[in-house]
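Each remark here refers to the structure printed beneath this line.
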Amino acid sequence: MTNGSTRRARISMAESADRSAIYAMRHEVYARELGQYAVNERETLSDALDDFNEYVVAHAGEELVGFISITPPGHGRYSIDKYVRRDELALAFDDGLYELRVLTVARKHRNSRLAATLMYAAGRWVEEQGGRHIVAMGRTEIVSIYLKHGLRTMNRQVQCGAVTFELMETDVLQLRGFAERHHQYYSKLYREVLWEVDFPFFKAECCFHGGAFFEAIGPGFERLELRRTIINADVLDAWFPPSPKAIEALREHLPWLLRTSPPTQSEGLRDAIARSRGVDPGNILPGAGSSDLIYMALRHWLNKDSRVLILNPMYGEYAHVLERVIGCEVHRLNLSRRNGYAVVLNDFIEEMRRGYDLVVLVNPNNPTGQHISRIQLESALGNVPARTRVWIDEAYVEYAGPGQSLERFAAQSENVIVCKTMSKSYALSGARVGYLCAGRHQLAELVPLTPPWAVSLPSQVAAVRALEDEGYYAARYADTRRLRADLVLGLRQLGIREIIPGVANFVLFHLEQEHPEADELVRACRRSGVFMRDISLMGTNVGLRGVRTAVKDGKSNAVILETLGSVLEVASNMPTRA
């Protein structure tokens, strides 16, 4: 909030004891101030709907300073019934429709963001009740508050006394998507008040990732044969198979591997990683993929008072965990689209000095593919305060070339932790194998939190054999560079000019103004079995035209380009540019 009196406002659901104060404020605002109703001697204002209405309220100390009313379904009445016939509105008056109205803030608090906070809290309450649709009546003077939070006007105004109201509506799912796209703003709202509601301000659902192609295969894997015809370029799995040594080991021993418990703490896998990386086994902590390690370590080290720096844009799992699961104060280093989202090291160094508890860097970055060289990054990290942990996610570093990992640097460091997955560069995404590499003192407190048998026995065996086959993977990385170059060339031939010069196994590009927006293009391509990723939720500065596609094998890349060309041709109603 912008003034001290509202900074500690408390948000809660109204209790019966709050009703008299609500009705008194309604009289003060809607009768005396706005002239919507006549002033009465009781100086209180309520209506028949208050028999079952809910209120979200805000208090500053013991004083009521704001509220919003919610009319639930199931009672046969809404406030809008007094002004328009239901058959005049394109709304389904069913058990999923909730009404928001009388958004009210005390005069001395109207320069704060309290109205916005009440609006968002009401929407969250409806979502928790299983609501599907929201209709709202808002005074024309404050319609912008409703629109700012994802509602849409119905181009219908109604009059009550001296007050004009605008009718608005939205789907709850659309409201959720709107909040996801503006999570940085809502994080600020979260920190400005005290929450005393029985639902979380952020609905901590799973972070959205790629993998929409499983909709075609089926959630129960009913149509696995479709894997041969669909192209899953919305996830960044390797286009090549795992090491032949890994496949041979699994084929020969699979029945035994499936029925046998693995080494409790993945000791053999840990030792194999340490040998491959040239560090001590005590510097390695295996886990069931990098996400498993992210959730375990960050939730242990951080709390709601922690300050964290991340890149913008960046892999969305980190913002999800930090803001919606832990509730940290998250700051973003905004990367400029004008220079291809490259990290400007001087800006990064200056920002890291500001006393954060944690700095998170994905390198090469996802979704941009931009990479900071090992030498440059090691030099930059020398400027970080000792109390600041630096978490470097190297999911794609092998694609950047040999000798680019900071694992040996991290093993000798006081505050640097490298997070690695064997999914993307070792073609073991389905196996879920990851690890942390850091100083022993960083890993010591995480070891007791690591569950036994975290990595399955087939996964441990496949990972160990893969680590023994460096030559095979080096050849695949070289192939990936050639395939990426060919894919970029093909995109340019389709008239796509803004392509980010990444180094990983994916390509980020921005569609031109004459092209459809990313979500529309992605949906159209899916109908042809080609799945790509709209990146609008992966950063607050990427716009609505960013698309990321994985680099696949040559044949699949050709299908991706052909499908893209067809969709763009239909959208522009002109021949595909060659």
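To be explicit about the labels: the chains of the structure tokens are called A, B, and onward in the order shown, and within each one the residues are counted from 1, while ligands get numbers from 1 in the order they are shown.
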
Members of stretch 317-382 of chain A assigned alpha helix (DSSP H) by DSSP, as a list in words: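 Residues of stretch 317-382 of chain A classed as alpha helix (DSSP H): Glu317, Tyr318, Ala319, Leu345, Asn346, Asp347, Phe348, Ile349, Glu350, Glu351, Met352, Arg374, Ile375, Gln376, Leu377, Glu378, Ser379, Ala380 and Leu381 of chain A.
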
Residues flagged strand (DSSP E) by DSSP in stretch 224-445 of chain A, as a PyMOL selection string: chain A and resi 231-232+284-287+307-312+329-334+358-362+389-393+416-421+434-437

Shortest interatomic distance to A:Glu414 - which of A:Leu467, A:Ile496, A:Leu97, A:Leu381, counting only C-alpha atoms: A:Leu381

Residue neighbourhood A:Gly434, 10 Å, only C-alpha atoms, exclusion window fewer than 2 positions, as a PyMOL selection string: chain A and resi 285-293+395+419-423+428-429+431-432+436+455+463

Could you turn the residues from that selection into a file that holds N, CA and C atoms, as a PDB file, in the first residue's frame?
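In the end it all went to selection.pdb:
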```
ATOM      1  N   LEU A 285      25.002 -34.595  -4.424  1.00  0.00           N
ATOM      2  CA  LEU A 285      23.767 -35.084  -3.782  1.00  0.00           C
ATOM      3  C   LEU A 285      22.770 -35.440  -4.871  1.00  0.00           C
ATOM      4  N   PRO A 286      22.546 -36.741  -5.151  1.00  0.00           N
ATOM      5  CA  PRO A 286      21.584 -37.141  -6.184  1.00  0.00           C
ATOM      6  C   PRO A 286      20.140 -36.926  -5.740  1.00  0.00           C
ATOM      7  N   GLY A 287      19.266 -36.802  -6.723  1.00  0.00           N
ATOM      8  CA  GLY A 287      17.836 -36.690  -6.462  1.00  0.00           C
ATOM      9  C   GLY A 287      17.043 -37.157  -7.660  1.00  0.00           C
ATOM     10  N   ALA A 288      15.733 -37.215  -7.482  1.00  0.00           N
ATOM     11  CA  ALA A 288      14.845 -37.706  -8.539  1.00  0.00           C
ATOM     12  C   ALA A 288      14.531 -36.591  -9.532  1.00  0.00           C
ATOM     13  N   GLY A 289      15.553 -36.130 -10.221  1.00  0.00           N
ATOM     14  CA  GLY A 289      15.407 -35.027 -11.169  1.00  0.00           C
ATOM     15  C   GLY A 289      15.642 -33.693 -10.488  1.00  0.00           C
ATOM     16  N   SER A 290      15.882 -32.665 -11.277  1.00  0.00           N
ATOM     17  CA  SER A 290      16.202 -31.361 -10.703  1.00  0.00           C
ATOM     18  C   SER A 290      15.012 -30.762  -9.969  1.00  0.00           C
ATOM     19  N   SER A 291      13.782 -31.000 -10.429  1.00  0.00           N
ATOM     20  CA  SER A 291      12.627 -30.428  -9.736  1.00  0.00           C
ATOM     21  C   SER A 291      12.534 -30.945  -8.307  1.00  0.00           C
ATOM     22  N   ASP A 292      12.825 -32.220  -8.104  1.00  0.00           N
ATOM     23  CA  ASP A 292      12.837 -32.793  -6.761  1.00  0.00           C
ATOM     24  C   ASP A 292      13.814 -32.030  -5.865  1.00  0.00           C
ATOM     25  N   LEU A 293      14.975 -31.713  -6.391  1.00  0.00           N
ATOM     26  CA  LEU A 293      15.999 -31.013  -5.620  1.00  0.00           C
ATOM     27  C   LEU A 293      15.633 -29.551  -5.407  1.00  0.00           C
ATOM     28  N   ALA A 395      20.864 -27.214 -16.683  1.00  0.00           N
ATOM     29  CA  ALA A 395      20.146 -28.279 -17.386  1.00  0.00           C
ATOM     30  C   ALA A 395      20.632 -28.473 -18.811  1.00  0.00           C
ATOM     31  N   CYS A 419      22.923 -27.029  -9.928  1.00  0.00           N
ATOM     32  CA  CYS A 419      21.850 -28.019 -10.048  1.00  0.00           C
ATOM     33  C   CYS A 419      21.900 -28.599 -11.455  1.00  0.00           C
ATOM     34  N   LYS A 420      22.003 -29.921 -11.530  1.00  0.00           N
ATOM     35  CA  LYS A 420      22.101 -30.601 -12.833  1.00  0.00           C
ATOM     36  C   LYS A 420      20.987 -31.634 -12.977  1.00  0.00           C
ATOM     37  N   THR A 421      20.503 -31.749 -14.191  1.00  0.00           N
ATOM     38  CA  THR A 421      19.601 -32.833 -14.548  1.00  0.00           C
ATOM     39  C   THR A 421      20.251 -33.638 -15.656  1.00  0.00           C
ATOM     40  N   MET A 422      19.999 -34.930 -15.662  1.00  0.00           N
ATOM     41  CA  MET A 422      20.471 -35.774 -16.760  1.00  0.00           C
ATOM     42  C   MET A 422      19.362 -35.999 -17.790  1.00  0.00           C
ATOM     43  N   SER A 423      18.285 -35.230 -17.657  1.00  0.00           N
ATOM     44  CA  SER A 423      17.151 -35.375 -18.566  1.00  0.00           C
ATOM     45  C   SER A 423      17.465 -34.881 -19.962  1.00  0.00           C
ATOM     46  N   LEU A 428      17.536 -38.786 -20.728  1.00  0.00           N
ATOM     47  CA  LEU A 428      16.991 -39.610 -19.646  1.00  0.00           C
ATOM     48  C   LEU A 428      15.840 -38.899 -18.932  1.00  0.00           C
ATOM     49  N   SER A 429      15.058 -38.119 -19.671  1.00  0.00           N
ATOM     50  CA  SER A 429      13.965 -37.381 -19.027  1.00  0.00           C
ATOM     51  C   SER A 429      12.999 -38.300 -18.303  1.00  0.00           C
ATOM     52  N   ALA A 431      13.641 -41.003 -16.867  1.00  0.00           N
ATOM     53  CA  ALA A 431      14.272 -41.672 -15.730  1.00  0.00           C
ATOM     54  C   ALA A 431      14.283 -40.803 -14.480  1.00  0.00           C
ATOM     55  N   ARG A 432      14.210 -39.479 -14.632  1.00  0.00           N
ATOM     56  CA  ARG A 432      14.218 -38.539 -13.512  1.00  0.00           C
ATOM     57  C   ARG A 432      15.468 -38.708 -12.650  1.00  0.00           C
ATOM     58  N   LEU A 436      22.806 -32.258  -7.156  1.00  0.00           N
ATOM     59  CA  LEU A 436      23.425 -30.988  -6.793  1.00  0.00           C
ATOM     60  C   LEU A 436      24.915 -31.201  -6.645  1.00  0.00           C
ATOM     61  N   VAL A 455      15.988 -42.267  -6.199  1.00  0.00           N
ATOM     62  CA  VAL A 455      16.175 -42.531  -7.623  1.00  0.00           C
ATOM     63  C   VAL A 455      15.996 -44.027  -7.850  1.00  0.00           C
ATOM     64  N   ALA A 463      21.771 -44.081 -15.745  1.00  0.00           N
ATOM     65  CA  ALA A 463      22.593 -42.887 -15.583  1.00  0.00           C
ATOM     66  C   ALA A 463      24.072 -43.233 -15.480  1.00  0.00           C
TER      67      ALA A 463
END
```

Surrounding residues of stretch 303-308 of chain A excluding itself and chain neighbours under 2 positions, 6 Å, only C-alpha atoms, as a ChimeraX atom specification: /A:326-330,356-359

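Minimum atom-to-atom distances from A:Ile231, A:Leu322, A:Leu489, A:Ala504 to A:Lys555 were compared using only C-alpha atoms, and the lowest value belongs to A:Ile231.
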
Nearest to A:Asp198, chosen from A:Ser46, A:Gln129, A:Gln265, A:Ser69, with only C-alpha atoms counted in the distances: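 Of the candidates, the smallest distance to A:Asp198 is held by A:Gln129.
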
Residue with smallest distance to A:His253 - pool A:Met154, A:Ala462, A:Leu103, A:Ile349, counting only C-alpha atoms: A:Ala462

Would you mind listing, for every residue of stretch 403-501 of chain A within 12 Å of stretch 373-378 of chain A, the two atoms forming the shortest contact and the distance between them in Å to one decimal, using only C-alpha atoms, sorted by chain and ascending residue number, as CSV?
```
residue,atom,partner,partner_atom,distance
A:Gly403,CA,A:Arg374,CA,7.8
A:Gln404,CA,A:Arg374,CA,5.1
A:Ser405,CA,A:Arg374,CA,6.5
A:Leu406,CA,A:Arg374,CA,6.4
A:Glu407,CA,A:Arg374,CA,10.1
A:Arg408,CA,A:Glu378,CA,10.8
A:Phe409,CA,A:Glu378,CA,7.5
A:Ala410,CA,A:Glu378,CA,9.4
A:Gln412,CA,A:Glu378,CA,11.8
A:Ser413,CA,A:Glu378,CA,10.3
A:Val416,CA,A:Glu378,CA,10.0
```

Mind checking which residues fall within 8 Å of stretch 145-150 of chain A, counting only C-alpha atoms, ignoring those fewer than 2 positions away in the same chain, and posting them as an mmCIF file with C-alpha atoms, in the first residue's frame?
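Saved to part09.cif:
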```
data_model
loop_
_atom_site.group_PDB
_atom_site.id
_atom_site.type_symbol
_atom_site.label_atom_id
_atom_site.label_comp_id
_atom_site.auth_asym_id
_atom_site.auth_seq_id
_atom_site.Cartn_x
_atom_site.Cartn_y
_atom_site.Cartn_z
ATOM 1 C CA ALA A 115 -9.515 -2.117 -3.631
ATOM 2 C CA ALA A 116 -7.315 -4.254 -5.894
ATOM 3 C CA MET A 119 -10.981 -7.745 -5.757
ATOM 4 C CA TYR A 120 -8.317 -10.424 -6.053
ATOM 5 C CA GLY A 138 -19.112 -1.922 -10.663
ATOM 6 C CA ILE A 142 -13.986 2.424 -10.752
ATOM 7 C CA VAL A 143 -14.542 0.067 -13.693
ATOM 8 C CA ARG A 152 -14.652 -7.895 -19.223
ATOM 9 C CA THR A 153 -17.430 -5.388 -19.794
ATOM 10 C CA THR A 170 -15.310 -13.447 -16.567
ATOM 11 C CA GLN A 174 -9.581 -16.928 -17.381
ATOM 12 C CA LEU A 175 -9.241 -14.996 -14.142
ATOM 13 C CA PHE A 178 -4.815 -13.361 -15.917
ATOM 14 C CA ALA A 179 -3.328 -13.628 -12.420
#
```

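Of the listed residues A:Ser276, A:Tyr78, A:Leu521, A:Asn541, the one whose atoms come nearest to A:Ser336 is A:Asn541, with distances taken using only C-alpha atoms.
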
Kindly assemble as JSON lines a list of the stretch 149-181 of chain A residues that lie within 9 Å of stretch 33-39 of chain A, each paired with its nearest atom pair and their distance in Å to one decimal, using only C-alpha atoms, sorted first by chain and then by ascending residue number.
```
{"residue": "A:Cys160", "atom": "CA", "partner": "A:Gln36", "partner_atom": "CA", "distance": 5.9}
{"residue": "A:Gly161", "atom": "CA", "partner": "A:Gln36", "partner_atom": "CA", "distance": 4.3}
{"residue": "A:Ala162", "atom": "CA", "partner": "A:Gln36", "partner_atom": "CA", "distance": 5.1}
{"residue": "A:Val163", "atom": "CA", "partner": "A:Gln36", "partner_atom": "CA", "distance": 5.5}
{"residue": "A:Thr164", "atom": "CA", "partner": "A:Gln36", "partner_atom": "CA", "distance": 9.0}
```

Please produce a file of the residues just selected, as a short mmCIF file (atom, residue, chain, number, x, y, z; two decimals), in the first residue's frame, where the atoms kept are C-alpha atoms.
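Result saved to out.cif:
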```
data_model
loop_
_atom_site.label_atom_id
_atom_site.label_comp_id
_atom_site.auth_asym_id
_atom_site.auth_seq_id
_atom_site.Cartn_x
_atom_site.Cartn_y
_atom_site.Cartn_z
CA CYS A 160 -29.51 3.06 -9.43
CA GLY A 161 -30.26 6.46 -7.93
CA ALA A 162 -27.46 8.83 -8.86
CA VAL A 163 -25.02 5.98 -9.56
CA THR A 164 -24.32 4.27 -12.88
#
```

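Using only C-alpha atoms, the shortest contact distance between A:Gly316 and any of A:Glu445, A:Glu350, A:Asp280, A:Glu180 is found at A:Glu180.
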
Find the spatial neighbours of A:Thr480, counting only C-alpha atoms, within a cut-off of 12 Å - ignore same-chain residues fewer than 6 positions away - and output them as an mmCIF file with C-alpha atoms, in the first residue's frame.
```
data_model
loop_
_atom_site.group_PDB
_atom_site.id
_atom_site.type_symbol
_atom_site.label_atom_id
_atom_site.label_comp_id
_atom_site.auth_asym_id
_atom_site.auth_seq_id
_atom_site.Cartn_x
_atom_site.Cartn_y
_atom_site.Cartn_z
ATOM 1 C CA ALA A 238 16.629 -34.827 -26.243
ATOM 2 C CA TRP A 239 15.835 -35.715 -29.849
ATOM 3 C CA PHE A 240 18.284 -38.655 -29.729
ATOM 4 C CA TYR A 396 21.436 -27.454 -20.889
ATOM 5 C CA GLU A 398 26.449 -29.662 -22.202
ATOM 6 C CA TYR A 399 24.956 -28.205 -25.383
ATOM 7 C CA ALA A 400 27.058 -25.058 -24.841
ATOM 8 C CA GLY A 401 30.277 -27.005 -25.447
ATOM 9 C CA LYS A 424 17.946 -32.954 -21.352
ATOM 10 C CA SER A 425 21.510 -33.707 -22.391
ATOM 11 C CA TYR A 473 26.993 -37.796 -26.307
ATOM 12 C CA ALA A 474 29.679 -35.478 -27.669
ATOM 13 C CA ASP A 486 19.089 -25.798 -40.083
ATOM 14 C CA LEU A 487 15.941 -25.126 -38.060
ATOM 15 C CA VAL A 503 23.066 -22.478 -27.772
ATOM 16 C CA ALA A 504 20.755 -25.160 -26.339
ATOM 17 C CA ASN A 505 18.514 -27.823 -27.861
ATOM 18 C CA PHE A 506 15.679 -25.383 -28.517
ATOM 19 C CA VAL A 507 14.954 -22.172 -30.396
ATOM 20 C CA ALA A 550 12.624 -27.968 -29.247
ATOM 21 C CA VAL A 551 15.263 -29.017 -31.769
ATOM 22 C CA LYS A 552 14.241 -32.442 -33.047
ATOM 23 C CA ASP A 553 15.701 -34.820 -35.620
ATOM 24 C CA GLY A 554 15.906 -33.642 -39.221
ATOM 25 C CA ASN A 557 12.160 -30.423 -37.840
#
```
